[in-house]
>>> print(open('run-v5.pdb').read())   # PDB, C-alpha atoms
ATOM      1  CA  MET A   1     119.843  95.702 129.844
ATOM      2  CA  VAL A   2     118.132  95.013 126.534
ATOM      3  CA  ASP A   3     120.099  92.760 124.187
ATOM      4  CA  THR A   4     119.461  94.341 120.804
ATOM      5  CA  LEU A   5     120.831  91.338 118.927
ATOM      6  CA  VAL A   6     118.264  89.063 120.566
ATOM      7  CA  ILE A   7     115.469  91.470 119.710
ATOM      8  CA  LYS A   8     116.672  91.850 116.115
ATOM      9  CA  ARG A   9     116.758  88.056 115.678
ATOM     10  CA  LYS A  10     113.226  87.831 117.030
ATOM     11  CA  LEU A  11     112.104  90.679 114.767
ATOM     12  CA  GLN A  12     113.557  88.811 111.795
ATOM     13  CA  LYS A  13     111.553  85.727 112.759
ATOM     14  CA  LEU A  14     108.445  87.858 113.204
ATOM     15  CA  SER A  15     108.980  89.365 109.761
ATOM     16  CA  GLU A  16     109.298  85.875 108.244
ATOM     17  CA  TYR A  17     106.017  84.808 109.840
ATOM     18  CA  LEU A  18     104.329  87.928 108.513
ATOM     19  CA  ASP A  19     105.628  87.142 105.021
ATOM     20  CA  GLU A  20     104.143  83.660 105.297
ATOM     21  CA  LEU A  21     100.834  85.094 106.484
ATOM     22  CA  GLU A  22     100.895  87.605 103.619
ATOM     23  CA  ALA A  23     100.821  84.648 101.220
ATOM     24  CA  MET A  24      97.526  83.592 102.811
ATOM     25  CA  ARG A  25      95.930  87.006 102.317
ATOM     26  CA  GLY A  26      95.139  86.165  98.688
ATOM     27  CA  ILE A  27      92.854  83.237  99.405
ATOM     28  CA  SER A  28      89.098  83.629  99.479
ATOM     29  CA  LEU A  29      86.916  82.884 102.472
ATOM     30  CA  GLU A  30      85.600  79.831 100.616
ATOM     31  CA  GLU A  31      89.151  78.532 100.041
ATOM     32  CA  TYR A  32      89.970  79.198 103.674
ATOM     33  CA  LEU A  33      86.908  77.427 105.028
ATOM     34  CA  GLY A  34      87.121  74.602 102.500
ATOM     35  CA  ASP A  35      90.611  73.406 103.369
ATOM     36  CA  PHE A  36      91.562  72.633 106.954
ATOM     37  CA  ARG A  37      95.242  73.121 106.030
ATOM     38  CA  ASN A  38      94.629  76.782 105.227
ATOM     39  CA  LYS A  39      92.925  77.240 108.574
ATOM     40  CA  ARG A  40      95.717  75.531 110.484
ATOM     41  CA  VAL A  41      98.417  77.523 108.686
ATOM     42  CA  VAL A  42      96.754  80.853 109.484
ATOM     43  CA  GLU A  43      96.011  79.846 113.077
ATOM     44  CA  ARG A  44      99.581  78.696 113.662
ATOM     45  CA  LEU A  45     101.086  81.796 112.081
ATOM     46  CA  ILE A  46      98.948  84.080 114.238
ATOM     47  CA  GLN A  47     100.018  82.103 117.296
ATOM     48  CA  LEU A  48     103.695  82.376 116.342
ATOM     49  CA  ILE A  49     103.424  86.084 115.546
ATOM     50  CA  VAL A  50     101.883  86.881 118.913
ATOM     51  CA  ASP A  51     104.300  84.599 120.773
ATOM     52  CA  VAL A  52     107.377  86.226 119.246
ATOM     53  CA  ALA A  53     106.046  89.722 119.946
ATOM     54  CA  VAL A  54     105.325  88.797 123.565
ATOM     55  CA  ASP A  55     108.868  87.411 123.867
ATOM     56  CA  ILE A  56     110.211  90.719 122.550
ATOM     57  CA  ASN A  57     107.980  92.680 124.918
ATOM     58  CA  THR A  58     109.082  90.630 127.902
ATOM     59  CA  HIS A  59     112.749  90.996 126.985
ATOM     60  CA  ILE A  60     112.386  94.778 126.731
ATOM     61  CA  VAL A  61     110.426  95.114 129.979
ATOM     62  CA  VAL A  62     112.798  92.909 131.979
ATOM     63  CA  GLY A  63     115.786  94.576 130.323
ATOM     64  CA  ALA A  64     114.461  97.917 131.573
ATOM     65  CA  GLY A  65     114.602  96.572 135.142
ATOM     66  CA  LYS A  66     110.866  96.025 135.491
ATOM     67  CA  PRO A  67     109.134  92.791 136.542
ATOM     68  CA  ALA A  68     108.088  90.498 133.709
ATOM     69  CA  PRO A  69     104.572  91.230 132.452
ATOM     70  CA  SER A  70     101.918  89.058 134.065
ATOM     71  CA  ASP A  71     100.410  87.983 130.749
ATOM     72  CA  ALA A  72     100.632  88.448 126.986
ATOM     73  CA  TYR A  73      98.040  91.244 126.874
ATOM     74  CA  THR A  74      99.810  93.220 129.585
ATOM     75  CA  SER A  75     103.164  92.861 127.829
ATOM     76  CA  PHE A  76     101.969  95.221 125.079
ATOM     77  CA  ILE A  77     100.747  97.761 127.629
ATOM     78  CA  GLU A  78     104.038  97.579 129.534
ATOM     79  CA  VAL A  79     106.199  98.258 126.460
ATOM     80  CA  ALA A  80     103.965 101.239 125.666
ATOM     81  CA  LYS A  81     104.683 102.601 129.149
ATOM     82  CA  LEU A  82     108.378 102.381 128.268
ATOM     83  CA  GLY A  83     107.790 104.340 125.068
ATOM     84  CA  VAL A  84     108.393 101.450 122.675
ATOM     85  CA  LEU A  85     104.844 101.498 121.290
ATOM     86  CA  THR A  86     102.334 104.292 121.217
ATOM     87  CA  GLN A  87      99.460 103.825 123.622
ATOM     88  CA  GLU A  88      97.172 103.648 120.582
ATOM     89  CA  LEU A  89      99.101 100.767 118.995
ATOM     90  CA  ALA A  90      99.388  98.946 122.323
ATOM     91  CA  CYS A  91      95.622  99.112 122.853
ATOM     92  CA  GLU A  92      94.993  98.011 119.280
ATOM     93  CA  ILE A  93      97.425  95.074 119.281
ATOM     94  CA  ALA A  94      97.053  93.752 122.855
ATOM     95  CA  PRO A  95      93.724  91.974 122.151
ATOM     96  CA  SER A  96      95.526  89.787 119.593
ATOM     97  CA  ALA A  97      96.905  87.942 122.622
ATOM     98  CA  GLY A  98      93.340  86.870 123.352
ATOM     99  CA  GLU A  99      92.882  85.554 119.819
ATOM    100  CA  ARG A 100      96.113  83.601 120.225
ATOM    101  CA  ASN A 101      94.833  82.094 123.479
ATOM    102  CA  ILE A 102      91.570  81.012 121.846
ATOM    103  CA  ILE A 103      93.529  79.350 119.046
ATOM    104  CA  VAL A 104      95.887  77.573 121.430
ATOM    105  CA  HIS A 105      93.628  76.667 124.333
ATOM    106  CA  GLU A 106      90.017  76.576 123.186
ATOM    107  CA  TYR A 107      89.862  74.967 119.776
ATOM    108  CA  GLU A 108      86.147  74.245 120.095
ATOM    109  CA  VAL A 109      85.269  77.960 120.076
ATOM    110  CA  ILE A 110      87.401  79.171 117.176
ATOM    111  CA  ASP A 111      85.356  81.301 114.820
ATOM    112  CA  ASP A 112      86.953  80.578 111.454
ATOM    113  CA  VAL A 113      85.456  83.673 109.844
ATOM    114  CA  ILE A 114      86.917  85.952 112.532
ATOM    115  CA  VAL A 115      90.344  84.329 112.193
ATOM    116  CA  PHE A 116      90.179  84.701 108.400
ATOM    117  CA  GLN A 117      89.132  88.343 108.701
ATOM    118  CA  SER A 118      92.009  89.037 111.088
ATOM    119  CA  ILE A 119      94.687  88.201 108.500
ATOM    120  CA  GLY A 120      94.886  91.742 107.112
ATOM    121  CA  GLN A 121      94.628  93.347 110.528
ATOM    122  CA  THR A 122      97.398  91.121 111.893
ATOM    123  CA  LEU A 123      99.674  92.010 108.983
ATOM    124  CA  GLU A 124      99.043  95.722 109.415
ATOM    125  CA  MET A 125      99.337  95.871 113.214
ATOM    126  CA  TYR A 126     102.425  93.725 113.475
ATOM    127  CA  GLY A 127     104.089  95.574 110.609
ATOM    128  CA  ARG A 128     103.646  98.745 112.665
ATOM    129  CA  TYR A 129     104.859  96.845 115.738
ATOM    130  CA  ILE A 130     108.117  95.898 113.973
ATOM    131  CA  ASP A 131     108.647  99.512 112.878
ATOM    132  CA  ALA A 132     108.067 100.775 116.419
ATOM    133  CA  VAL A 133     110.507  98.285 117.973
ATOM    134  CA  LEU A 134     113.164  99.075 115.345
ATOM    135  CA  ASP A 135     112.721 102.807 116.075
ATOM    136  CA  TYR A 136     113.114 102.054 119.787
ATOM    137  CA  LEU A 137     116.357 100.167 119.141
ATOM    138  CA  LYS A 138     117.791 103.156 117.246
ATOM    139  CA  GLU A 139     117.413 105.429 120.264
TER     140      GLU A 139
END
>>> encode(input="run-v5.pdb", output="structure tokens")
Amino acid sequence: MVDTLVIKRKLQKLSEYLDELEAMRGISLEEYLGDFRNKRVVERLIQLIVDVAVDINTHIVVGAGKPAPSDAYTSFIEVAKLGVLTQELACEIAPSAGERNIIVHEYEVIDDVIVFQSIGQTLEMYGRYIDAVLDYLKE
């Protein structure tokens, strides 16, 4: 069974991370590239955003009596199968798990420009993700 209080707490955390990332949207590419702190803040926030969403996905999937998703990417696909996300949103957001993995595990191949350009997309996709999960909880 899905514990809605757990999911709501995680959604609150996710919303806080998105607010923090929103503050970074106003910086220029030059400011981003010129200050390693900006890069680390954005990288860490993207990691946290994806991690919290994957935790939510896993909780929903397991709560529905299904086996835990095999990886972060699959977790988005599995919640779409349960009707939490549209298939379109799941396919759009699932690749963010790959960006998170590059940030966490392969620092030498991070493309700073791609990470910078993903700020707006991350805010938009995960805003829609929060809305979809809240709608699911209302059902």
>>> residues_near_point(input="run-v5.pdb", point="(107.8, 97.1, 118.0)", cutoff="10 Å", atoms="all atoms listed in the file", output="list in words")
Ile7, Leu11, Ala53, Ile56, Asn57, Phe76, Val79, Ala80, Val84, Leu85, Thr86, Leu89, Ala90, Met125, Tyr126, Gly127, Arg128, Tyr129, Ile130, Asp131, Ala132, Val133, Leu134, Asp135, Tyr136 and Leu137 of chain A
>>> atom_distance(input="run-v5.pdb", atom1="atom CA of Ile27 of chain A", atom2="atom CA of Arg44 of chain A")
16.4 Å
>>> closest_residue(input="run-v5.pdb", among="A:Ile49, A:Met24, A:Ile93, A:Val113", to="Arg37 of chain A", atoms="all atoms listed in the file")
A:Met24
>>> residues_near_point(input="run-v5.pdb", point="(117.3, 97.7, 124.7)", cutoff="7 Å", atoms="all atoms listed in the file", output="list in words")
Met1, Val2, Asp3, Thr4, Ile60, Gly63 and Leu137 of chain A
>>> closest_residue(input="run-v5.pdb", among="A:Asn38, A:Asp112, A:Glu124, A:Glu78", to="Val54 of chain A", atoms="all atoms listed in the file")
A:Glu78
>>> resolve_selection(input="run-v5.pdb", expression="the PyMOL selection byres ((chain A and resi 72) around 7)", output="PyMOL selection string")
chain A and resi 54+71+73-75+97
>>> write_last_selection(input="run-v5.pdb", atoms="C-alpha atoms", output="short mmCIF file (atom, residue, chain, number, x, y, z; two decimals), keeping the file's coordinate frame")
data_model
loop_
_atom_site.label_atom_id
_atom_site.label_comp_id
_atom_site.auth_asym_id
_atom_site.auth_seq_id
_atom_site.Cartn_x
_atom_site.Cartn_y
_atom_site.Cartn_z
CA VAL A 54 105.32 88.80 123.56
CA ASP A 71 100.41 87.98 130.75
CA TYR A 73 98.04 91.24 126.87
CA THR A 74 99.81 93.22 129.58
CA SER A 75 103.16 92.86 127.83
CA ALA A 97 96.90 87.94 122.62
#
>>> residues_around(input="run-v5.pdb", residues="Lys39 of chain A", least_positions_apart="6", cutoff="9 Å", atoms="all atoms listed in the file", output="VMD selection string")
chain A and resid 32 to 33 112 115 to 116
>>> atom_distance(input="run-v5.pdb", atom1="atom CA of Thr58 of chain A", atom2="atom CA of Gln117 of chain A")
27.8 Å
>>> decode(input="run-v5.pdb", residues="segment 44-94 of chain A", atoms="N, CA and C atoms", output="PDB file, in the first residue's frame")
ATOM      1  N   ARG A  44      24.357  19.247  -8.111  1.00  0.00           N
ATOM      2  CA  ARG A  44      23.835  18.599  -6.898  1.00  0.00           C
ATOM      3  C   ARG A  44      22.311  18.670  -6.853  1.00  0.00           C
ATOM      4  N   LEU A  45      21.748  19.805  -7.230  1.00  0.00           N
ATOM      5  CA  LEU A  45      20.294  19.920  -7.216  1.00  0.00           C
ATOM      6  C   LEU A  45      19.654  18.959  -8.217  1.00  0.00           C
ATOM      7  N   ILE A  46      20.229  18.838  -9.395  1.00  0.00           N
ATOM      8  CA  ILE A  46      19.692  17.886 -10.369  1.00  0.00           C
ATOM      9  C   ILE A  46      19.777  16.467  -9.816  1.00  0.00           C
ATOM     10  N   GLN A  47      20.888  16.145  -9.196  1.00  0.00           N
ATOM     11  CA  GLN A  47      21.029  14.817  -8.580  1.00  0.00           C
ATOM     12  C   GLN A  47      19.941  14.596  -7.531  1.00  0.00           C
ATOM     13  N   LEU A  48      19.749  15.559  -6.650  1.00  0.00           N
ATOM     14  CA  LEU A  48      18.755  15.417  -5.584  1.00  0.00           C
ATOM     15  C   LEU A  48      17.344  15.318  -6.142  1.00  0.00           C
ATOM     16  N   ILE A  49      17.042  16.116  -7.148  1.00  0.00           N
ATOM     17  CA  ILE A  49      15.718  16.098  -7.769  1.00  0.00           C
ATOM     18  C   ILE A  49      15.419  14.716  -8.340  1.00  0.00           C
ATOM     19  N   VAL A  50      16.352  14.188  -9.101  1.00  0.00           N
ATOM     20  CA  VAL A  50      16.144  12.860  -9.688  1.00  0.00           C
ATOM     21  C   VAL A  50      16.058  11.800  -8.593  1.00  0.00           C
ATOM     22  N   ASP A  51      16.933  11.869  -7.606  1.00  0.00           N
ATOM     23  CA  ASP A  51      16.920  10.870  -6.533  1.00  0.00           C
ATOM     24  C   ASP A  51      15.593  10.840  -5.789  1.00  0.00           C
ATOM     25  N   VAL A  52      15.055  12.002  -5.464  1.00  0.00           N
ATOM     26  CA  VAL A  52      13.782  12.046  -4.739  1.00  0.00           C
ATOM     27  C   VAL A  52      12.654  11.487  -5.612  1.00  0.00           C
ATOM     28  N   ALA A  53      12.644  11.861  -6.892  1.00  0.00           N
ATOM     29  CA  ALA A  53      11.611  11.343  -7.785  1.00  0.00           C
ATOM     30  C   ALA A  53      11.698   9.821  -7.911  1.00  0.00           C
ATOM     31  N   VAL A  54      12.899   9.303  -8.009  1.00  0.00           N
ATOM     32  CA  VAL A  54      13.067   7.842  -8.100  1.00  0.00           C
ATOM     33  C   VAL A  54      12.601   7.176  -6.806  1.00  0.00           C
ATOM     34  N   ASP A  55      12.870   7.797  -5.670  1.00  0.00           N
ATOM     35  CA  ASP A  55      12.361   7.266  -4.394  1.00  0.00           C
ATOM     36  C   ASP A  55      10.831   7.218  -4.407  1.00  0.00           C
ATOM     37  N   ILE A  56      10.219   8.293  -4.888  1.00  0.00           N
ATOM     38  CA  ILE A  56       8.755   8.330  -4.976  1.00  0.00           C
ATOM     39  C   ILE A  56       8.265   7.233  -5.914  1.00  0.00           C
ATOM     40  N   ASN A  57       8.890   7.132  -7.075  1.00  0.00           N
ATOM     41  CA  ASN A  57       8.491   6.107  -8.045  1.00  0.00           C
ATOM     42  C   ASN A  57       8.560   4.715  -7.434  1.00  0.00           C
ATOM     43  N   THR A  58       9.669   4.438  -6.780  1.00  0.00           N
ATOM     44  CA  THR A  58       9.866   3.113  -6.185  1.00  0.00           C
ATOM     45  C   THR A  58       8.817   2.843  -5.118  1.00  0.00           C
ATOM     46  N   HIS A  59       8.531   3.837  -4.298  1.00  0.00           N
ATOM     47  CA  HIS A  59       7.523   3.673  -3.250  1.00  0.00           C
ATOM     48  C   HIS A  59       6.153   3.353  -3.866  1.00  0.00           C
ATOM     49  N   ILE A  60       5.802   4.053  -4.931  1.00  0.00           N
ATOM     50  CA  ILE A  60       4.515   3.819  -5.583  1.00  0.00           C
ATOM     51  C   ILE A  60       4.471   2.433  -6.215  1.00  0.00           C
ATOM     52  N   VAL A  61       5.518   2.060  -6.918  1.00  0.00           N
ATOM     53  CA  VAL A  61       5.544   0.756  -7.598  1.00  0.00           C
ATOM     54  C   VAL A  61       5.473  -0.382  -6.583  1.00  0.00           C
ATOM     55  N   VAL A  62       6.297  -0.321  -5.557  1.00  0.00           N
ATOM     56  CA  VAL A  62       6.291  -1.371  -4.531  1.00  0.00           C
ATOM     57  C   VAL A  62       4.961  -1.367  -3.776  1.00  0.00           C
ATOM     58  N   GLY A  63       4.444  -0.171  -3.506  1.00  0.00           N
ATOM     59  CA  GLY A  63       3.157  -0.062  -2.827  1.00  0.00           C
ATOM     60  C   GLY A  63       2.004  -0.649  -3.631  1.00  0.00           C
ATOM     61  N   ALA A  64       2.171  -0.703  -4.936  1.00  0.00           N
ATOM     62  CA  ALA A  64       1.157  -1.307  -5.815  1.00  0.00           C
ATOM     63  C   ALA A  64       1.339  -2.827  -5.923  1.00  0.00           C
ATOM     64  N   GLY A  65       2.298  -3.372  -5.176  1.00  0.00           N
ATOM     65  CA  GLY A  65       2.502  -4.821  -5.177  1.00  0.00           C
ATOM     66  C   GLY A  65       3.392  -5.328  -6.288  1.00  0.00           C
ATOM     67  N   LYS A  66       4.084  -4.423  -6.947  1.00  0.00           N
ATOM     68  CA  LYS A  66       4.989  -4.803  -8.039  1.00  0.00           C
ATOM     69  C   LYS A  66       6.416  -4.865  -7.512  1.00  0.00           C
ATOM     70  N   PRO A  67       7.306  -5.564  -8.215  1.00  0.00           N
ATOM     71  CA  PRO A  67       8.720  -5.569  -7.807  1.00  0.00           C
ATOM     72  C   PRO A  67       9.325  -4.172  -7.993  1.00  0.00           C
ATOM     73  N   ALA A  68      10.299  -3.862  -7.177  1.00  0.00           N
ATOM     74  CA  ALA A  68      10.979  -2.569  -7.284  1.00  0.00           C
ATOM     75  C   ALA A  68      11.590  -2.429  -8.677  1.00  0.00           C
ATOM     76  N   PRO A  69      11.533  -1.228  -9.239  1.00  0.00           N
ATOM     77  CA  PRO A  69      12.143  -1.022 -10.559  1.00  0.00           C
ATOM     78  C   PRO A  69      13.627  -1.362 -10.533  1.00  0.00           C
ATOM     79  N   SER A  70      14.129  -1.854 -11.648  1.00  0.00           N
ATOM     80  CA  SER A  70      15.520  -2.301 -11.709  1.00  0.00           C
ATOM     81  C   SER A  70      16.515  -1.151 -11.743  1.00  0.00           C
ATOM     82  N   ASP A  71      16.067   0.017 -12.171  1.00  0.00           N
ATOM     83  CA  ASP A  71      16.963   1.177 -12.203  1.00  0.00           C
ATOM     84  C   ASP A  71      16.133   2.457 -12.211  1.00  0.00           C
ATOM     85  N   ALA A  72      16.822   3.583 -12.137  1.00  0.00           N
ATOM     86  CA  ALA A  72      16.149   4.884 -12.050  1.00  0.00           C
ATOM     87  C   ALA A  72      15.309   5.150 -13.303  1.00  0.00           C
ATOM     88  N   TYR A  73      15.879   4.903 -14.464  1.00  0.00           N
ATOM     89  CA  TYR A  73      15.175   5.131 -15.730  1.00  0.00           C
ATOM     90  C   TYR A  73      13.864   4.353 -15.747  1.00  0.00           C
ATOM     91  N   THR A  74      13.947   3.080 -15.437  1.00  0.00           N
ATOM     92  CA  THR A  74      12.786   2.197 -15.467  1.00  0.00           C
ATOM     93  C   THR A  74      11.726   2.620 -14.464  1.00  0.00           C
ATOM     94  N   SER A  75      12.133   3.243 -13.367  1.00  0.00           N
ATOM     95  CA  SER A  75      11.151   3.648 -12.355  1.00  0.00           C
ATOM     96  C   SER A  75      10.111   4.601 -12.939  1.00  0.00           C
ATOM     97  N   PHE A  76      10.532   5.479 -13.852  1.00  0.00           N
ATOM     98  CA  PHE A  76       9.583   6.407 -14.474  1.00  0.00           C
ATOM     99  C   PHE A  76       8.629   5.672 -15.402  1.00  0.00           C
ATOM    100  N   ILE A  77       9.137   4.683 -16.112  1.00  0.00           N
ATOM    101  CA  ILE A  77       8.308   3.889 -17.019  1.00  0.00           C
ATOM    102  C   ILE A  77       7.289   3.074 -16.223  1.00  0.00           C
ATOM    103  N   GLU A  78       7.739   2.523 -15.097  1.00  0.00           N
ATOM    104  CA  GLU A  78       6.854   1.696 -14.267  1.00  0.00           C
ATOM    105  C   GLU A  78       5.719   2.511 -13.655  1.00  0.00           C
ATOM    106  N   VAL A  79       5.981   3.735 -13.202  1.00  0.00           N
ATOM    107  CA  VAL A  79       4.878   4.531 -12.641  1.00  0.00           C
ATOM    108  C   VAL A  79       3.914   4.969 -13.742  1.00  0.00           C
ATOM    109  N   ALA A  80       4.406   5.112 -14.964  1.00  0.00           N
ATOM    110  CA  ALA A  80       3.502   5.417 -16.081  1.00  0.00           C
ATOM    111  C   ALA A  80       2.569   4.236 -16.335  1.00  0.00           C
ATOM    112  N   LYS A  81       3.096   3.027 -16.234  1.00  0.00           N
ATOM    113  CA  LYS A  81       2.255   1.834 -16.415  1.00  0.00           C
ATOM    114  C   LYS A  81       1.143   1.771 -15.376  1.00  0.00           C
ATOM    115  N   LEU A  82       1.397   2.353 -14.210  1.00  0.00           N
ATOM    116  CA  LEU A  82       0.391   2.378 -13.142  1.00  0.00           C
ATOM    117  C   LEU A  82      -0.562   3.568 -13.280  1.00  0.00           C
ATOM    118  N   GLY A  83      -0.327   4.412 -14.278  1.00  0.00           N
ATOM    119  CA  GLY A  83      -1.201   5.544 -14.509  1.00  0.00           C
ATOM    120  C   GLY A  83      -0.855   6.800 -13.732  1.00  0.00           C
ATOM    121  N   VAL A  84       0.300   6.803 -13.081  1.00  0.00           N
ATOM    122  CA  VAL A  84       0.714   7.977 -12.304  1.00  0.00           C
ATOM    123  C   VAL A  84       1.160   9.091 -13.242  1.00  0.00           C
ATOM    124  N   LEU A  85       1.977   8.745 -14.220  1.00  0.00           N
ATOM    125  CA  LEU A  85       2.461   9.680 -15.230  1.00  0.00           C
ATOM    126  C   LEU A  85       1.878   9.281 -16.574  1.00  0.00           C
ATOM    127  N   THR A  86       1.780  10.241 -17.465  1.00  0.00           N
ATOM    128  CA  THR A  86       1.448   9.881 -18.842  1.00  0.00           C
ATOM    129  C   THR A  86       2.672   9.199 -19.446  1.00  0.00           C
ATOM    130  N   GLN A  87       2.449   8.409 -20.457  1.00  0.00           N
ATOM    131  CA  GLN A  87       3.573   7.771 -21.142  1.00  0.00           C
ATOM    132  C   GLN A  87       4.503   8.831 -21.725  1.00  0.00           C
ATOM    133  N   GLU A  88       3.914   9.923 -22.218  1.00  0.00           N
ATOM    134  CA  GLU A  88       4.700  11.014 -22.793  1.00  0.00           C
ATOM    135  C   GLU A  88       5.640  11.622 -21.751  1.00  0.00           C
ATOM    136  N   LEU A  89       5.111  11.934 -20.565  1.00  0.00           N
ATOM    137  CA  LEU A  89       5.963  12.521 -19.525  1.00  0.00           C
ATOM    138  C   LEU A  89       7.015  11.520 -19.070  1.00  0.00           C
ATOM    139  N   ALA A  90       6.644  10.272 -18.922  1.00  0.00           N
ATOM    140  CA  ALA A  90       7.609   9.251 -18.494  1.00  0.00           C
ATOM    141  C   ALA A  90       8.774   9.160 -19.474  1.00  0.00           C
ATOM    142  N   CYS A  91       8.467   9.158 -20.760  1.00  0.00           N
ATOM    143  CA  CYS A  91       9.528   9.064 -21.777  1.00  0.00           C
ATOM    144  C   CYS A  91      10.371  10.330 -21.829  1.00  0.00           C
ATOM    145  N   GLU A  92       9.773  11.453 -21.503  1.00  0.00           N
ATOM    146  CA  GLU A  92      10.501  12.718 -21.503  1.00  0.00           C
ATOM    147  C   GLU A  92      11.419  12.849 -20.281  1.00  0.00           C
ATOM    148  N   ILE A  93      10.950  12.387 -19.130  1.00  0.00           N
ATOM    149  CA  ILE A  93      11.670  12.601 -17.875  1.00  0.00           C
ATOM    150  C   ILE A  93      12.662  11.485 -17.557  1.00  0.00           C
ATOM    151  N   ALA A  94      12.400  10.270 -18.015  1.00  0.00           N
ATOM    152  CA  ALA A  94      13.269   9.128 -17.681  1.00  0.00           C
ATOM    153  C   ALA A  94      14.740   9.358 -18.036  1.00  0.00           C
TER     154      ALA A  94
END
